[in-house]
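Engineer: What follows is a single structure, and I will ask about it in a moment.
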Amino acid sequence: MEFLELARKRYSCRKYRDQAVEKNQLEKILEAGRIAPSAVNFQPWRFIVINEEKMLKQIRSTYARSWFQSAPVVLVLCVDYKESWKRADGKEHGDIDIAIAADHMTLQASDAGLATCWVCNFDRDKCKSVLNLPKYIEPLVYLPLGYPADEPSANHEKRKALKDIIHWNKFEE
Ligand SMILES: Cc1cc2nc3c(=O)[nH]c(=O)nc-3n(C[C@H](O)[C@H](O)[C@H](O)COP(=O)(O)O)c2cc1C
């Protein structure tokens with residue numbers, strides 16, 4: 001599949017089929033995250049795979065949307081702030097690294113006919129407690145994962161026009 005076609009195919013899936021995700025597909029998605037670029041190649045990520053019923057129940061309680069309950073797998077993408085790169089002015093880059101890994105994963109999932117949705121609006125404190133995360137491990141993104149049972153929402157096509165976001169050679173208001 002041509003890259004732009006794949007990038008257009010990915011959408012935020014908010015309804016999943018009651019169908020397990022094959023282990024080899026899950027491994028490919030994790031591999032896509034593993035090979036993502038990161039600042040100074042520090043790779044400050046921890047990917048927590050939630051696919052057992054007991055843990056799914058607990059993680060679902062941290063984002064109590066009805067659609068979220070249908071995903072058979074949830075990937076919790078965390079940054080290890082002990083390992084992430086900080087620029088000389090203090091700017092933290094671990095969050096950027098996790099976002100890139102997440103994007104790799106969503107695209108790999110779409111390529112395999114699976115679907116995902118970025119979720120950041122979860123209860124962070126509850127997540128940390130459910131997963132027993134130490135202070136320096138911060139959960140940043142949930143990726144519910146499964147076979148889609150919906151179609152892209154209207155939002156999916158709503159993107160700003162290139163002319164409104166591109167600045168050639170200089171920035172103008
Ligand atoms: C950083 C980030 C956080 C997001 N958090 C949530 C969320 O908590 N819940 C949700 O339903 N969608 C969330 N989304 C999905 C966006 O709403 C969605 O990507 C956007 O509306 C564009 O639609 P599309 O992904 O179908 O193209 C998030 C997306 C990003 C990139």
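Going through the structure tokens in order, the chains are called A, B, and so on, while each chain numbers its residues from 1 and the ligands are numbered from 1 in the order shown.
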Which residues sit within 8 Å of ligand 1, counting only C-alpha atoms and all ligand atoms, listed as a PyMOL selection string?

Structural biologist: chain A and resi 10-14+99+117-122+141+152-158

Engineer: Output C-alpha atoms for every residue in that selection, as a PDB file, in the first residue's frame.

Structural biologist:
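Just written: part28.pdb:
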```
ATOM      1  CA  ARG A  10      -5.980   5.067   9.593  1.00  0.00           C
ATOM      2  CA  TYR A  11      -8.828   6.518  11.604  1.00  0.00           C
ATOM      3  CA  SER A  12      -9.962   6.646  15.207  1.00  0.00           C
ATOM      4  CA  CYS A  13     -11.957   3.460  15.692  1.00  0.00           C
ATOM      5  CA  ARG A  14     -14.558   3.645  18.431  1.00  0.00           C
ATOM      6  CA  ALA A  99       3.993  10.051  20.091  1.00  0.00           C
ATOM      7  CA  CYS A 117      -7.693   5.142  18.560  1.00  0.00           C
ATOM      8  CA  TRP A 118      -5.392   7.492  20.386  1.00  0.00           C
ATOM      9  CA  VAL A 119      -6.717   7.978  23.902  1.00  0.00           C
ATOM     10  CA  CYS A 120      -5.077  10.516  26.210  1.00  0.00           C
ATOM     11  CA  ASN A 121      -8.108  11.593  28.214  1.00  0.00           C
ATOM     12  CA  PHE A 122      -7.887   8.722  30.690  1.00  0.00           C
ATOM     13  CA  VAL A 141      -1.241   7.218  25.391  1.00  0.00           C
ATOM     14  CA  PRO A 152     -14.468   6.627  10.176  1.00  0.00           C
ATOM     15  CA  SER A 153     -16.317   9.527  11.841  1.00  0.00           C
ATOM     16  CA  ALA A 154     -16.964  12.799  10.036  1.00  0.00           C
ATOM     17  CA  ASN A 155     -13.963  14.207  11.907  1.00  0.00           C
ATOM     18  CA  HIS A 156     -11.639  11.956   9.970  1.00  0.00           C
ATOM     19  CA  GLU A 157     -11.994  13.965   6.748  1.00  0.00           C
ATOM     20  CA  LYS A 158     -11.893  17.342   8.507  1.00  0.00           C
TER      21      LYS A 158
END
```

Engineer: For the structure I just gave you, how does DSSP split stretch 28-162 of chain A - specifically, which residues are helix (DSSP H, G or I)? Reply as a VMD selection string.

Structural biologist: chain A and resid 28 to 34 39 to 41 53 to 60 67 to 70 94 to 111 124 to 130 154 to 157 162

Engineer: Restrict the selected residues to N, CA and C atoms and save them as a short mmCIF file (atom, residue, chain, number, x, y, z; two decimals), in the first residue's frame.

Structural biologist:
```cif
data_model
loop_
_atom_site.label_atom_id
_atom_site.label_comp_id
_atom_site.auth_asym_id
_atom_site.auth_seq_id
_atom_site.Cartn_x
_atom_site.Cartn_y
_atom_site.Cartn_z
N LYS A 28 3.84 -7.56 15.47
CA LYS A 28 4.25 -6.62 14.41
C LYS A 28 4.01 -5.17 14.84
N ILE A 29 2.90 -4.95 15.52
CA ILE A 29 2.58 -3.59 15.98
C ILE A 29 3.59 -3.13 17.03
N LEU A 30 3.94 -4.03 17.92
CA LEU A 30 4.94 -3.69 18.95
C LEU A 30 6.30 -3.43 18.31
N GLU A 31 6.60 -4.21 17.28
CA GLU A 31 7.87 -4.04 16.56
C GLU A 31 7.91 -2.67 15.86
N ALA A 32 6.77 -2.27 15.31
CA ALA A 32 6.69 -0.95 14.65
C ALA A 32 6.99 0.16 15.66
N GLY A 33 6.56 -0.03 16.89
CA GLY A 33 6.88 0.95 17.94
C GLY A 33 8.35 0.89 18.32
N ARG A 34 8.85 -0.32 18.41
CA ARG A 34 10.25 -0.51 18.84
C ARG A 34 11.25 0.17 17.91
N ALA A 39 14.72 10.80 20.33
CA ALA A 39 15.77 11.80 20.53
C ALA A 39 17.02 11.12 21.10
N VAL A 40 18.15 11.33 20.43
CA VAL A 40 19.45 10.74 20.81
C VAL A 40 19.39 9.20 20.84
N ASN A 41 18.36 8.65 20.21
CA ASN A 41 18.12 7.19 20.20
C ASN A 41 18.02 6.62 21.62
N GLU A 53 -8.34 -10.57 30.77
CA GLU A 53 -9.65 -10.05 31.18
C GLU A 53 -9.59 -9.23 32.48
N LYS A 54 -8.85 -9.74 33.46
CA LYS A 54 -8.82 -9.05 34.77
C LYS A 54 -8.21 -7.65 34.63
N MET A 55 -7.12 -7.56 33.86
CA MET A 55 -6.46 -6.27 33.69
C MET A 55 -7.23 -5.37 32.73
N LEU A 56 -7.87 -6.00 31.73
CA LEU A 56 -8.70 -5.19 30.80
C LEU A 56 -9.79 -4.48 31.59
N LYS A 57 -10.40 -5.19 32.50
CA LYS A 57 -11.48 -4.62 33.30
C LYS A 57 -10.97 -3.41 34.08
N GLN A 58 -9.80 -3.56 34.64
CA GLN A 58 -9.25 -2.46 35.45
C GLN A 58 -8.86 -1.26 34.59
N ILE A 59 -8.24 -1.54 33.44
CA ILE A 59 -7.79 -0.43 32.60
C ILE A 59 -9.00 0.26 31.96
N ARG A 60 -10.04 -0.52 31.65
CA ARG A 60 -11.26 0.07 31.10
C ARG A 60 -11.89 1.04 32.09
N TRP A 67 -17.68 2.82 24.34
CA TRP A 67 -17.01 2.26 23.15
C TRP A 67 -15.67 1.62 23.52
N PHE A 68 -15.00 2.20 24.50
CA PHE A 68 -13.65 1.75 24.87
C PHE A 68 -13.68 0.34 25.46
N GLN A 69 -14.84 -0.03 26.01
CA GLN A 69 -14.95 -1.34 26.66
C GLN A 69 -14.88 -2.48 25.64
N SER A 70 -15.06 -2.18 24.35
CA SER A 70 -15.15 -3.26 23.35
C SER A 70 -13.80 -3.68 22.78
N GLY A 94 10.78 13.15 25.79
CA GLY A 94 10.21 11.80 25.89
C GLY A 94 8.78 11.72 25.36
N ASP A 95 8.02 12.78 25.60
CA ASP A 95 6.62 12.78 25.14
C ASP A 95 6.56 12.71 23.61
N ILE A 96 7.50 13.41 22.97
CA ILE A 96 7.56 13.38 21.51
C ILE A 96 7.90 11.97 21.04
N ASP A 97 8.86 11.35 21.70
CA ASP A 97 9.27 9.99 21.33
C ASP A 97 8.10 9.01 21.40
N ILE A 98 7.32 9.13 22.45
CA ILE A 98 6.17 8.22 22.61
C ILE A 98 5.15 8.46 21.50
N ALA A 99 4.96 9.73 21.15
CA ALA A 99 3.99 10.05 20.09
C ALA A 99 4.41 9.42 18.77
N ILE A 100 5.72 9.43 18.49
CA ILE A 100 6.18 8.83 17.23
C ILE A 100 5.95 7.32 17.26
N ALA A 101 6.29 6.69 18.39
CA ALA A 101 6.07 5.23 18.49
C ALA A 101 4.59 4.91 18.33
N ALA A 102 3.75 5.73 18.95
CA ALA A 102 2.30 5.51 18.85
C ALA A 102 1.85 5.60 17.40
N ASP A 103 2.38 6.58 16.69
CA ASP A 103 1.97 6.74 15.31
C ASP A 103 2.42 5.54 14.45
N HIS A 104 3.64 5.08 14.67
CA HIS A 104 4.10 3.87 13.96
C HIS A 104 3.12 2.72 14.21
N MET A 105 2.71 2.58 15.47
CA MET A 105 1.85 1.45 15.84
C MET A 105 0.47 1.56 15.19
N THR A 106 -0.08 2.76 15.21
CA THR A 106 -1.42 2.92 14.61
C THR A 106 -1.38 2.62 13.12
N LEU A 107 -0.30 3.02 12.48
CA LEU A 107 -0.19 2.79 11.02
C LEU A 107 0.01 1.31 10.72
N GLN A 108 0.84 0.64 11.52
CA GLN A 108 1.03 -0.80 11.33
C GLN A 108 -0.29 -1.54 11.54
N ALA A 109 -1.05 -1.12 12.54
CA ALA A 109 -2.35 -1.76 12.79
C ALA A 109 -3.26 -1.58 11.58
N SER A 110 -3.32 -0.36 11.06
CA SER A 110 -4.17 -0.10 9.89
C SER A 110 -3.73 -0.92 8.70
N ASP A 111 -2.44 -1.06 8.53
CA ASP A 111 -1.91 -1.83 7.40
C ASP A 111 -2.40 -3.28 7.47
N ARG A 124 -5.33 9.51 34.70
CA ARG A 124 -3.90 9.22 34.80
C ARG A 124 -3.52 8.64 36.16
N ASP A 125 -4.07 9.20 37.23
CA ASP A 125 -3.70 8.72 38.57
C ASP A 125 -4.19 7.28 38.78
N LYS A 126 -5.41 7.03 38.29
CA LYS A 126 -5.98 5.69 38.43
C LYS A 126 -5.16 4.69 37.62
N CYS A 127 -4.74 5.11 36.42
CA CYS A 127 -3.92 4.23 35.57
C CYS A 127 -2.62 3.89 36.28
N LYS A 128 -1.99 4.91 36.85
CA LYS A 128 -0.71 4.67 37.54
C LYS A 128 -0.90 3.68 38.69
N SER A 129 -2.03 3.81 39.36
CA SER A 129 -2.29 2.93 40.50
C SER A 129 -2.64 1.51 40.03
N VAL A 130 -3.47 1.40 39.00
CA VAL A 130 -3.86 0.08 38.48
C VAL A 130 -2.63 -0.69 37.99
N ALA A 154 -17.05 11.63 10.92
CA ALA A 154 -16.96 12.80 10.04
C ALA A 154 -15.66 13.56 10.29
N ASN A 155 -15.20 13.52 11.53
CA ASN A 155 -13.96 14.21 11.91
C ASN A 155 -12.77 13.79 11.06
N HIS A 156 -12.80 12.53 10.65
CA HIS A 156 -11.64 11.96 9.97
C HIS A 156 -11.25 12.73 8.71
N GLU A 157 -12.26 13.24 8.01
CA GLU A 157 -11.99 13.96 6.75
C GLU A 157 -11.71 15.45 7.00
N LEU A 162 -3.99 22.91 3.25
CA LEU A 162 -2.53 23.13 3.23
C LEU A 162 -2.19 24.61 3.30
#
```

Engineer: In Å to one decimal, how far is atom CA of A:Leu143 from atom CA of A:Ala20?

Structural biologist: 15.3 Å

Engineer: Quick one: pull the distance between atom CA of A:Leu75 and atom CA of A:Lys135, Å, one decimal.

Structural biologist: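 Here the two named atoms are 19.5 Å from each other.
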
Engineer: Kindly indicate which residue among A:Ala112, A:Leu131, A:Val76, A:Ala71 lies nearest to A:Met1, using only C-alpha atoms for the distances.

Structural biologist: A:Ala112

Engineer: Would you mind telling me which residue in A:Gly113, A:Ala36, A:Ile165, A:Cys78 lies nearest to A:Leu6 when using only C-alpha atoms?

Structural biologist: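 Distance minimum relative to A:Leu6 lands on A:Gly113.
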
Engineer: List every residue of stretch 13-71 of chain A that DSSP, applied to the backbone of this structure, places in strand (DSSP E or B), and write the result as a PyMOL selection string.

Structural biologist: chain A and resi 16+45-50

Engineer: Would you write out those residues with N, CA and C atoms, as a short mmCIF file (atom, residue, chain, number, x, y, z; two decimals), in the first residue's frame?

Structural biologist:
```cif
data_model
loop_
_atom_site.label_atom_id
_atom_site.label_comp_id
_atom_site.auth_asym_id
_atom_site.auth_seq_id
_atom_site.Cartn_x
_atom_site.Cartn_y
_atom_site.Cartn_z
N TYR A 16 -15.26 -1.94 18.34
CA TYR A 16 -14.42 -3.07 17.94
C TYR A 16 -15.24 -4.36 17.88
N TRP A 45 10.86 4.33 26.06
CA TRP A 45 9.48 3.84 26.11
C TRP A 45 9.34 2.52 26.82
N ARG A 46 8.11 2.35 27.35
CA ARG A 46 7.68 1.07 27.91
C ARG A 46 6.28 0.85 27.34
N PHE A 47 6.08 -0.28 26.68
CA PHE A 47 4.77 -0.57 26.09
C PHE A 47 4.11 -1.66 26.94
N ILE A 48 3.04 -1.33 27.59
CA ILE A 48 2.36 -2.32 28.44
C ILE A 48 1.15 -2.86 27.68
N VAL A 49 1.18 -4.17 27.45
CA VAL A 49 0.11 -4.83 26.67
C VAL A 49 -0.93 -5.37 27.64
N ILE A 50 -2.15 -4.88 27.50
CA ILE A 50 -3.23 -5.35 28.37
C ILE A 50 -4.15 -6.23 27.52
#
```

Engineer: What's the 6 Å shell around A:Tyr147, counting only C-alpha atoms, without same-chain residues fewer than 3 positions away, as JSON, numbers by chain?

Structural biologist: {"A": [16, 17, 114, 115]}

Engineer: Deliver the residues from the most recent selection as a file, using C-alpha atoms, as a short mmCIF file (atom, residue, chain, number, x, y, z; two decimals), in the first residue's frame.

Structural biologist:
```
data_model
loop_
_atom_site.label_atom_id
_atom_site.label_comp_id
_atom_site.auth_asym_id
_atom_site.auth_seq_id
_atom_site.Cartn_x
_atom_site.Cartn_y
_atom_site.Cartn_z
CA TYR A 16 -14.42 -3.07 17.94
CA ARG A 17 -15.51 -6.53 16.85
CA LEU A 114 -6.80 -3.69 12.50
CA ALA A 115 -7.85 -0.41 14.08
#
```

Engineer: What does the distance between atom CA of A:Val79 and atom CA of A:Tyr63 come to in Å, to one decimal place?

Structural biologist: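 Going from atom CA of A:Val79 over to atom CA of A:Tyr63, I get 19.2 Å.
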